[in-house]
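Peer 1: Sharing a structure below in structure tokens format, with a few things to ask.
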Amino acid sequence: MPLKNNLFKSSLSVINIGLETFYDTLSEQKTKVIHFEWRPSAGGDVKLAEILSSLSQDRISLANQKAFEIFNQAEPVLTDIKYAKDVIPGIDRYTVGHAGPPIAWEQMCGPLQGAILGAVVYEGVANNLDEALQLVLLGKIKFVSNHALGCVGPMTGMVTYSMPLWEVKNTTFGNVAYSTLNEGLGKVMRFGANGPDVIARLKWIETELAPALKKALAQSGPISMKVMIAKALAMGDEMHQRNAGATSLFIREIMKHLVSVVDNKEALFRITEFISGNDQFFLNLAMASGKAITDPAKNIPYSTVVTAMSRNGTNFGIKISALGDQWFEAPVNNPKGLYFPGYSEKDANPDIGDSAIVETFGIGGFAMGASPAVVRFVGASSVSEAMAYSREMQDICIGLSPHYVIPTMDFVGVATAIDALKVVETGILPVINTGMAHKSPGIGQVGAGIVKAPLGCFIKAIQAFNDNLTRSI
Amino acid sequence: MIHNVVKANAYFDSVTLMLFSSRLNEIEGIQQAAVMMGTDHNKELMKNSGILNLETASKASSNDLIIGIKAISQEVIDLALKALNDQFENKSKATPGSEKKTFKSFESALKQTPDLNFAVISIPGRYAKNEVMKCLRNNINVLLFSDNVSIDDENELKTFAVKNQLLMMGPDCGTAIINGVSLGFSNVVKHGNIGLVAASGTGLQEVTVIIDRLGGGISQALGTGGRDLKEAIGGKMMLMALEALNSDDKTEVIGMISKPPSKIVLERIIKLVKTFKKPVVACFLGAESSDFDGSGVYTSETLESAANALFALSTGQDPELINHETKKPNLQLPKENSGKYVRGLYTGGTLAYEAILVLKHQQIVSYSNISSDPVYLLKDVEKSHEHTIIDMGEDYFTDGMPHPMIDPRLRSERILKEVADPETAIILLDCVLGYGSHLDPAGALVLAINKALSQATHPLTFIASVCGTPSDPQNRIEQESKLRSAGVIVMDTNAQAAKLASYLIARRLD
């Protein structure tokens, strides 16, 4: 009997898995050959590798396809500005929402503790930081993971009772997601700063900026975030480290309404100066869009698609679809990148923020190839290296986005819907573009760079996924 | 002074790293150095050789690269680290002009290369099963170079492969030629009408090379891995490969090469090949030719005679009518050679085994690390005893070291040791060429021989054969003349080299 597909009559097309010398000798012979840069599957954990190969691929890939389609069907639309006290059930002045998976005070990093003390003062339940600390130590302050509140916030991600929030609605599925308004650069609470000027700015956002934007949005009607994100990719934004294009697009959309709804000229000047002086203003909108896009893909049985990635400065947490709202955590990594003058790696706080929600649906680090302007800043040495990051992410995602495309890479869609199984199998880790906070509270941003999600949380997720399957059989 | 460096998430295959390590150790002032992936096993090795501090050990995981250096001074360490960095950089730099297609995920590789039909797999054995299965499920034939795959896994993989009419050659399969492409360790030979299937890598190399020298050619040369003919596997791959060769219209003559199969497996093979119209030659080294009585199968005792028979049949002649008996050479060992024994130092396992059989045929029993008779198993592999034939590619030597066909260092050291032994009369060597092998094995041998002779207390005789062709990257003609210029007697085949050694010893005894 001849071999399958009549091998002896076909020309060889070889995949080399292992020693590179075998690749070299085949290409010397002009044989068609590719090289697979094999790494131990599951980080060398043979038991886990067996789990991977034993999992029923058909059921999982069907479920993951479904999650991928839910991502693609999303229509995130900016609808309103709401106040936390009005939309977040159970929130009071003693509740502080923070970035990342839940964490106890003692385990929190410096910037997160600093931001929390500032947030407590901002809510007026303490007169100063010392009093705030007393309340914390007495156990009077309740800490909640933002994701549990339906919110996301960059860096420390403070969400409290009085804060105004962007409301982004996914009109396909009807779910909403919230995010805070971006505070601008310099000494800001998201980097752990908590001085009087920081709190005063937050009060101004609450009392002047947010009401004006709310009125403007009421007049403009819903604004499609999907279109804005897609356009901004074509303008060289990846929307994590660079939002210059997206912020400009947003200003263009909202400005005529602001002018029309704000009567006081000085107030209008303050508002427009604030928005147009902050390239990162759009980041929080991209984040709320991310959560609105990924939330509907939660709880699909058998799906290993990642629906959230977030960091609290101590741990990196992910959620996978099949396991709903369970966090899987591993210690965060330190970002690598460039530092502002006077700062170095030893000043930087480990990775922090809910902002990795943008990578979860395919922009940020995943779209680095679209953003030649940021590649140096985030530690990539060339544009082609940035494109290589974007390409590499395809290996751990279910597919390519039909909406969010990278013009500089022949309009290929961004890789979207990270499959935790593929991450564990290939050892390729999601790449995240990020800012770096000073590790002492109150100092602020010291640089920006890229960071990889730690493999550990993906391994834990897959182990739990497998345990869950075994139990349910 | 000990220095450790950990490179997080930097994966390199162990052979590359061993080459790096060996280059580090060549630097003057280095007492001990190694570059390894941080698996528990490797960390233990490094700890035991005193080049790993506890802190590094606890911090590095199996995905991290560990550099451990023990040297006489900080300057030497800096020099070594710089040299190492250059090597890493060279490795990660693509050669200009060559577009290397690499993938980090199997799925992407498959998606972008939908016509894949063959895989060469050489990753550590304990990880191999999953990758093999992935290939087979995607209708990709496999050459599995890795060893340390359990026999149960082998059986499972081969059962799946046979059911799907796919090749699963291995584990521990080093050699194959498919559709004219040399895979793994194999030689550049002429195309022709002789199809081979072998459970042994160097056995297959030697037969293809002799056929090439005779003027014949190869249609396909398939491997099965060394355990295929054991009862536990039942000859699954051998039987399937034989059927595939039988139905291949370019194959007119079929040869099988192996150590003796288990009885049940042999019966199955005979039953199958009896149905073939194509002539079949069996070279089951060490088997009784009577096993094949009445089967119509031609048998041969050595790789050389198998090649001769196959070539004769491929040109329409009856091998039994051709007399290949070589004349006894008119040679003697010089009187001053006071040694008594043959010492064979082999890089090819089957070549070593063939030498043992040839010597035995001339009533010279030899001790070995691969003897099938426990009485003649060497007690201490490091020390030769009377006539000794050593397979230096055996696990004992390759644990933590590259195979001697790639890295000649271990054999060079052993040559020194044998020459220093006053009982050694003849050193018998192989020199395996082809893709995958060292780029100048004869050159390495000559260096070792010259060094050994300069320290020798008595004259010795070196006999070698070169397993290769003039078309091999190393070029057989050049390799042979290198050996001859160092005073080595070079024979055409390994069997002839072993035979010459036995004549010389026998003549001494007369």
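The chains in the structure tokens are called A, B, ... from first to last as shown; in each chain the residues are counted from 1, and the ligands are counted from 1 in the order shown.
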Determine, for each residue of chain A having at least one atom at most 6 Å from an atom of chain B, the closest pair of atoms and their separation in Å to one decimal, counting only C-alpha atoms; order by chain and ascending number, as JSON lines.
Peer 2:
{"residue": "A:Met1", "atom": "CA", "partner": "B:Ala244", "partner_atom": "CA", "distance": 5.7}
{"residue": "A:Pro2", "atom": "CA", "partner": "B:Ala244", "partner_atom": "CA", "distance": 4.9}
{"residue": "A:Leu3", "atom": "CA", "partner": "B:Gln165", "partner_atom": "CA", "distance": 5.1}
{"residue": "A:Lys4", "atom": "CA", "partner": "B:Gln165", "partner_atom": "CA", "distance": 5.2}
{"residue": "A:Phe8", "atom": "CA", "partner": "B:Asn179", "partner_atom": "CA", "distance": 6.0}
{"residue": "A:Ser13", "atom": "CA", "partner": "B:Leu116", "partner_atom": "CA", "distance": 4.8}
{"residue": "A:Val14", "atom": "CA", "partner": "B:Phe118", "partner_atom": "CA", "distance": 4.7}
{"residue": "A:Ile15", "atom": "CA", "partner": "B:Ala119", "partner_atom": "CA", "distance": 4.8}
{"residue": "A:Asn16", "atom": "CA", "partner": "B:Val120", "partner_atom": "CA", "distance": 4.9}
{"residue": "A:Ile17", "atom": "CA", "partner": "B:Ile121", "partner_atom": "CA", "distance": 4.7}
{"residue": "A:Gly18", "atom": "CA", "partner": "B:Ser122", "partner_atom": "CA", "distance": 4.6}
{"residue": "A:Leu19", "atom": "CA", "partner": "B:Ser122", "partner_atom": "CA", "distance": 5.9}
{"residue": "A:Ile34", "atom": "CA", "partner": "B:Lys101", "partner_atom": "CA", "distance": 5.1}
{"residue": "A:His35", "atom": "CA", "partner": "B:Thr102", "partner_atom": "CA", "distance": 4.6}
{"residue": "A:Phe36", "atom": "CA", "partner": "B:Phe103", "partner_atom": "CA", "distance": 4.8}
{"residue": "A:Glu37", "atom": "CA", "partner": "B:Lys104", "partner_atom": "CA", "distance": 5.1}
{"residue": "A:Asp395", "atom": "CA", "partner": "B:Ser105", "partner_atom": "CA", "distance": 6.0}
{"residue": "A:Thr426", "atom": "CA", "partner": "B:Ser105", "partner_atom": "CA", "distance": 5.9}
Peer 1: Would you give me, as an NGL selection string, the residues in segment 233-436 of chain A that DSSP reads as strand (DSSP E or B)?
Peer 2: :A and (305-312 or 315-320 or 328-331 or 336-339 or 348 or 352-353 or 397-406 or 412-419 or 431-436)
Peer 1: Please list as a PyMOL selection string every residue within 12 Å of Ser276 of chain A, counting only C-alpha atoms and excluding residues in the same chain fewer than 6 positions away.
Peer 2: chain A and resi 182+184+243-252+254-255+268-270+282
Peer 1: When DSSP works through the backbone of this structure, what residues of segment 349-429 of chain B end up as alpha helix (DSSP H), shown as a VMD selection string?
Peer 2: chain B and resid 349 to 361 395 to 398 409 to 420
Peer 1: I'd like to know which of B:Val432, B:Leu45, B:Ile389, B:Ala33 is closest to Ala71 of chain B, using only C-alpha atoms.
Peer 2: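 Checking each of B:Val432, B:Leu45, B:Ile389, B:Ala33 against Ala71 of chain B, counting only C-alpha atoms, the winner is B:Ala33.
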Peer 1: I want to know what sits within 10 Å of Val281 of chain B, based on only C-alpha atoms, with residues of the same chain fewer than 3 positions away left out; could you give that as number ranges by chain?
Peer 2: B: 196, 253-257, 278, 284, 296-300, 305-307, 309-310, 313, 319
Peer 1: Please compute the atom CA of Ala42 of chain A-atom CA of Glu154 of chain B distance, one decimal, in Å.
Peer 2: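 Those two atoms sit 21.9 Å apart.
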